[in-house]
Structure formats: C-alpha cells, structure tokens
Amino acid sequence: MCGAVSFTATEVPGTFGACHCEMCRRWTGSALLGVTVPKDKVTWTGTENIAEFQSTSWAKRAWCRVCGSNLYFQFTMDGAWSDEVELPLGLFDDPNGFRMTNEIYIDHKPDSFSYTPTDRQVLTRQQVVEKAPHVEGD
Ligand SMILES: [Zn+2]
C-alpha cells in the first residue's frame, strides 16, 4: 500500500484460491485470496521492511513494517506446496483477469458472505488435511 515493499513475479498462473481457515480469516479480516507462485519466481524490493511471523510450526506470514499490508503466506516445512508462495491477489498492480479455482476450509467460512459459485474445487478442513498431512494441528 505504501510502496516500501514491492515484488515482481515472473511466473503468475492467472488463477487464485480462497482460504477460509481461522488464521487466514483473522490475518486478512475475511479470507486469503492467494495467487500461488513458485518462490524462486518472485523478486522482492524493500526487503528490510518485510516482517515475518511463524504462524504455525509449518508456515509463516509476512507484512510490510511501514504500512502493515499483508505480503505473503509461505510453507516452511517440506511437503505439499513448500516451493511456492501465496501472494494476495490484491497486491498485484492489475488484479483483473484472474480466475478463482478453489476454496479451502469452506466449512470455516463465515455464513455472512459467499463467493459466486462456479466449477472451482471446494474443500473442507478435513479434505485439506488429507491432501497435506503436515498442516494438521494448526
Ligand atoms: Zn488459511
């Protein structure tokens, strides 16, 4: 938001997913709308202004020290998705044209809102844990 931190991503899939887990809900105030990009395809500037928080034993979250904008969610353990970083959709200069392909922790979503149904994949917390056992015990 303030420009103290910025990134360039060279391999952006054009899709994103929504995570409704309790931590993403509290972190974002709603749901994390994350674009999954390979870690090594993202270059950051202003890294001295990036603060990180190890939110579980298996993942960390980062924000800008100056303005507080959320910057990324990243797995810190080996396993599913460990080579990737989740960048909030809203951080892209042009957030248009992306397609939502999945919603996870759907059983934790507040009942006060929902995204327009499409053919995207929708998983409960239990279904996520079955796909990636290392996220159990958040
Ligand atoms: Zn989450």
# chains A, B, ... in the order shown; residues from 1 in each chain; ligands from 1
call {"tool": "closest_atom_pairs", "arguments": {"of": "chain A", "to": "ligand 1", "cutoff": "6 Å", "atoms": "only C-alpha atoms and all ligand atoms", "output": "Markdown table"}}
result
| residue | atom | partner | partner_atom_place_in_ligand_line | distance |
| --- | --- | --- | --- | --- |
| A:Cys19 | CA | ligand 1 | 1 (Zn) | 4.6 |
| A:His20 | CA | ligand 1 | 1 (Zn) | 5.7 |
| A:Cys21 | CA | ligand 1 | 1 (Zn) | 4.2 |
| A:Met23 | CA | ligand 1 | 1 (Zn) | 5.7 |
| A:Cys24 | CA | ligand 1 | 1 (Zn) | 4.2 |
call {"tool": "write_last_selection", "arguments": {"atoms": "N, CA and C atoms", "output": "PDB file, in the first residue's frame"}}
result
ATOM      1  N   CYS A  19      -8.761 -19.074   0.941  1.00  0.00           N
ATOM      2  CA  CYS A  19      -8.625 -19.886   2.151  1.00  0.00           C
ATOM      3  C   CYS A  19      -9.448 -19.256   3.265  1.00  0.00           C
ATOM      4  N   HIS A  20     -10.343 -20.060   3.826  1.00  0.00           N
ATOM      5  CA  HIS A  20     -11.237 -19.580   4.882  1.00  0.00           C
ATOM      6  C   HIS A  20     -10.817 -20.096   6.256  1.00  0.00           C
ATOM      7  N   CYS A  21      -9.576 -20.586   6.396  1.00  0.00           N
ATOM      8  CA  CYS A  21      -9.173 -21.100   7.715  1.00  0.00           C
ATOM      9  C   CYS A  21      -9.186 -19.946   8.724  1.00  0.00           C
ATOM     10  N   MET A  23      -6.990 -18.793  10.745  1.00  0.00           N
ATOM     11  CA  MET A  23      -5.837 -17.883  10.743  1.00  0.00           C
ATOM     12  C   MET A  23      -5.892 -16.916   9.573  1.00  0.00           C
ATOM     13  N   CYS A  24      -6.237 -17.425   8.395  1.00  0.00           N
ATOM     14  CA  CYS A  24      -6.366 -16.515   7.244  1.00  0.00           C
ATOM     15  C   CYS A  24      -7.490 -15.511   7.476  1.00  0.00           C
TER      16      CYS A  24
END
call {"tool": "select_by_dssp", "arguments": {"residues": "chain A", "states": "alpha helix (DSSP H)", "output": "list of chain:residue names"}}
result
A:Glu22, A:Met23, A:Cys24, A:Arg25, A:Arg26, A:Trp27, A:Thr28, A:Arg125, A:Gln126, A:Gln127, A:Val128, A:Val129, A:Glu130, A:Lys131
call {"tool": "closest_residue", "arguments": {"among": "A:Ser82, A:Arg120, A:Arg125, A:Phe53", "to": "Tyr105 in chain A", "atoms": "only C-alpha atoms"}}
result
A:Arg125
call {"tool": "closest_residue", "arguments": {"among": "A:Gln54, A:Gln126, A:Glu84, A:Gly3", "to": "Lys41 in chain A", "atoms": "only C-alpha atoms"}}
result
A:Glu84
call {"tool": "atom_distance", "arguments": {"atom1": "CA of Thr36 in chain A", "atom2": "CA of Val12 in chain A"}}
result
7.6 Å
call {"tool": "residues_around", "arguments": {"residues": "Val42 in chain A", "least_positions_apart": "3", "cutoff": "8 Å", "atoms": "only C-alpha atoms", "output": "PyMOL selection string"}}
result
chain A and resi 7-10+37-39
call {"tool": "closest_residue", "arguments": {"among": "A:Ile104, A:Ser57, A:Leu89, A:Thr15", "to": "Gln121 in chain A", "atoms": "only C-alpha atoms"}}
result
A:Ile104
call {"tool": "residues_around", "arguments": {"residues": "Pro133 in chain A", "least_positions_apart": "6", "cutoff": "10 Å", "atoms": "only C-alpha atoms", "output": "ChimeraX atom specification"}}
result
/A:79-80,126-127
call {"tool": "select_by_dssp", "arguments": {"residues": "chain A", "states": "strand (DSSP E)", "output": "VMD selection string"}}
result
chain A and resid 6 to 9 15 to 19 32 to 38 42 to 45 50 to 56 59 to 64 70 to 75 84 to 88 99 to 104 121 to 123
call {"tool": "write_last_selection", "arguments": {"atoms": "N, CA and C atoms", "output": "short mmCIF file (atom, residue, chain, number, x, y, z; two decimals), in the first residue's frame"}}
result
data_model
loop_
_atom_site.label_atom_id
_atom_site.label_comp_id
_atom_site.auth_asym_id
_atom_site.auth_seq_id
_atom_site.Cartn_x
_atom_site.Cartn_y
_atom_site.Cartn_z
N SER A 6 7.93 -4.01 -2.60
CA SER A 6 7.24 -4.40 -3.83
C SER A 6 7.84 -5.71 -4.34
N PHE A 7 7.16 -6.33 -5.27
CA PHE A 7 7.68 -7.57 -5.83
C PHE A 7 7.43 -7.61 -7.32
N THR A 8 8.23 -8.44 -7.99
CA THR A 8 8.00 -8.78 -9.39
C THR A 8 7.89 -10.29 -9.45
N ALA A 9 6.83 -10.78 -10.04
CA ALA A 9 6.63 -12.23 -10.21
C ALA A 9 6.67 -12.54 -11.69
N THR A 15 -4.59 -17.73 -11.87
CA THR A 15 -5.66 -18.29 -11.05
C THR A 15 -5.37 -17.97 -9.59
N PHE A 16 -6.38 -18.10 -8.75
CA PHE A 16 -6.17 -17.91 -7.32
C PHE A 16 -7.16 -18.78 -6.55
N GLY A 17 -6.86 -18.93 -5.25
CA GLY A 17 -7.75 -19.69 -4.40
C GLY A 17 -8.09 -18.88 -3.17
N ALA A 18 -9.19 -19.25 -2.53
CA ALA A 18 -9.59 -18.59 -1.29
C ALA A 18 -9.38 -19.56 -0.14
N CYS A 19 -8.76 -19.07 0.94
CA CYS A 19 -8.63 -19.89 2.15
C CYS A 19 -9.45 -19.26 3.26
N LEU A 32 -8.17 -15.28 2.76
CA LEU A 32 -6.99 -15.02 1.95
C LEU A 32 -7.30 -15.41 0.51
N LEU A 33 -7.24 -14.44 -0.39
CA LEU A 33 -7.36 -14.71 -1.83
C LEU A 33 -5.94 -14.76 -2.34
N GLY A 34 -5.41 -15.98 -2.49
CA GLY A 34 -3.98 -16.15 -2.75
C GLY A 34 -3.69 -16.65 -4.15
N VAL A 35 -2.70 -16.01 -4.77
CA VAL A 35 -2.17 -16.44 -6.07
C VAL A 35 -0.91 -17.25 -5.76
N THR A 36 -0.88 -18.51 -6.18
CA THR A 36 0.25 -19.39 -5.88
C THR A 36 1.32 -19.25 -6.94
N VAL A 37 2.51 -18.81 -6.50
CA VAL A 37 3.62 -18.55 -7.43
C VAL A 37 4.85 -19.30 -6.92
N PRO A 38 5.66 -19.90 -7.81
CA PRO A 38 6.91 -20.53 -7.33
C PRO A 38 7.78 -19.50 -6.60
N VAL A 42 9.75 -15.05 -7.68
CA VAL A 42 9.34 -13.78 -7.08
C VAL A 42 10.57 -13.03 -6.59
N THR A 43 10.72 -11.79 -7.00
CA THR A 43 11.83 -10.95 -6.55
C THR A 43 11.24 -9.78 -5.76
N TRP A 44 11.80 -9.59 -4.55
CA TRP A 44 11.28 -8.54 -3.67
C TRP A 44 12.22 -7.35 -3.62
N THR A 45 11.67 -6.16 -3.49
CA THR A 45 12.48 -4.98 -3.18
C THR A 45 11.97 -4.43 -1.84
N ILE A 50 10.27 -5.91 5.35
CA ILE A 50 9.41 -7.10 5.45
C ILE A 50 9.56 -7.71 6.84
N ALA A 51 8.44 -7.90 7.52
CA ALA A 51 8.42 -8.60 8.80
C ALA A 51 7.72 -9.93 8.60
N GLU A 52 8.21 -10.96 9.29
CA GLU A 52 7.61 -12.29 9.16
C GLU A 52 7.16 -12.79 10.51
N PHE A 53 6.11 -13.60 10.50
CA PHE A 53 5.59 -14.23 11.70
C PHE A 53 5.40 -15.71 11.42
N GLN A 54 6.02 -16.56 12.22
CA GLN A 54 5.84 -18.00 12.08
C GLN A 54 4.48 -18.32 12.72
N SER A 55 3.45 -18.44 11.88
CA SER A 55 2.09 -18.55 12.42
C SER A 55 1.75 -19.96 12.87
N THR A 56 2.47 -20.95 12.36
CA THR A 56 2.35 -22.33 12.83
C THR A 56 3.75 -22.93 12.73
N ALA A 59 4.31 -22.94 8.70
CA ALA A 59 4.11 -21.85 7.75
C ALA A 59 4.35 -20.49 8.41
N LYS A 60 4.68 -19.52 7.57
CA LYS A 60 4.88 -18.16 8.06
C LYS A 60 4.10 -17.18 7.20
N ARG A 61 3.87 -16.00 7.77
CA ARG A 61 3.15 -14.93 7.09
C ARG A 61 3.97 -13.66 7.21
N ALA A 62 3.90 -12.82 6.19
CA ALA A 62 4.73 -11.61 6.18
C ALA A 62 3.88 -10.38 5.89
N TRP A 63 4.40 -9.24 6.38
CA TRP A 63 3.71 -7.98 6.17
C TRP A 63 4.73 -6.86 6.07
N CYS A 64 4.29 -5.71 5.60
CA CYS A 64 5.15 -4.54 5.48
C CYS A 64 5.24 -3.84 6.83
N ASN A 70 -0.46 -7.03 4.22
CA ASN A 70 -0.05 -8.43 4.16
C ASN A 70 0.68 -8.68 2.86
N LEU A 71 1.79 -9.43 2.92
CA LEU A 71 2.63 -9.64 1.74
C LEU A 71 2.62 -11.07 1.21
N TYR A 72 2.75 -12.04 2.09
CA TYR A 72 2.74 -13.42 1.61
C TYR A 72 2.51 -14.42 2.74
N PHE A 73 2.08 -15.59 2.30
CA PHE A 73 1.96 -16.78 3.14
C PHE A 73 2.88 -17.80 2.51
N GLN A 74 3.70 -18.47 3.35
CA GLN A 74 4.67 -19.41 2.79
C GLN A 74 4.86 -20.60 3.72
N PHE A 75 4.86 -21.81 3.14
CA PHE A 75 5.14 -23.01 3.94
C PHE A 75 6.63 -23.05 4.29
N GLU A 84 6.43 -23.00 -3.01
CA GLU A 84 5.55 -21.94 -3.52
C GLU A 84 5.29 -20.89 -2.45
N VAL A 85 4.82 -19.76 -2.90
CA VAL A 85 4.42 -18.69 -2.00
C VAL A 85 3.04 -18.21 -2.44
N GLU A 86 2.22 -17.86 -1.45
CA GLU A 86 0.88 -17.35 -1.74
C GLU A 86 0.93 -15.83 -1.66
N LEU A 87 0.65 -15.19 -2.78
CA LEU A 87 0.64 -13.72 -2.82
C LEU A 87 -0.81 -13.26 -2.87
N PRO A 88 -1.21 -12.37 -1.97
CA PRO A 88 -2.60 -11.90 -2.00
C PRO A 88 -2.93 -11.28 -3.37
N ARG A 99 -8.77 -16.11 -12.39
CA ARG A 99 -9.92 -16.99 -12.21
C ARG A 99 -9.79 -17.73 -10.87
N MET A 100 -10.84 -17.73 -10.06
CA MET A 100 -10.81 -18.46 -8.79
C MET A 100 -11.01 -19.95 -9.08
N THR A 101 -10.03 -20.76 -8.67
CA THR A 101 -10.11 -22.19 -8.99
C THR A 101 -10.35 -23.08 -7.78
N ASN A 102 -10.21 -22.54 -6.58
CA ASN A 102 -10.50 -23.38 -5.41
C ASN A 102 -10.84 -22.53 -4.20
N GLU A 103 -11.57 -23.14 -3.29
CA GLU A 103 -11.86 -22.56 -1.99
C GLU A 103 -11.60 -23.66 -0.98
N ILE A 104 -10.77 -23.36 0.01
CA ILE A 104 -10.46 -24.38 1.01
C ILE A 104 -10.91 -23.91 2.39
N GLN A 121 -12.88 -26.08 -7.33
CA GLN A 121 -12.78 -27.11 -6.31
C GLN A 121 -13.04 -26.50 -4.94
N VAL A 122 -13.84 -27.17 -4.12
CA VAL A 122 -14.15 -26.68 -2.78
C VAL A 122 -13.84 -27.80 -1.79
N LEU A 123 -12.97 -27.47 -0.80
CA LEU A 123 -12.53 -28.48 0.16
C LEU A 123 -12.83 -28.04 1.59
#
call {"tool": "closest_residue", "arguments": {"among": "A:Thr124, A:Thr116, A:Asn49, A:Ser69", "to": "Gly29 in chain A", "atoms": "only C-alpha atoms"}}
result
A:Ser69
call {"tool": "atom_distance", "arguments": {"atom1": "CA of His134 in chain A", "atom2": "CA of Gly14 in chain A"}}
result
26.7 Å
call {"tool": "closest_residue", "arguments": {"among": "A:Asp107, A:Ala132, A:Met1, A:Pro13", "to": "Asp93 in chain A", "atoms": "only C-alpha atoms"}}
result
A:Met1
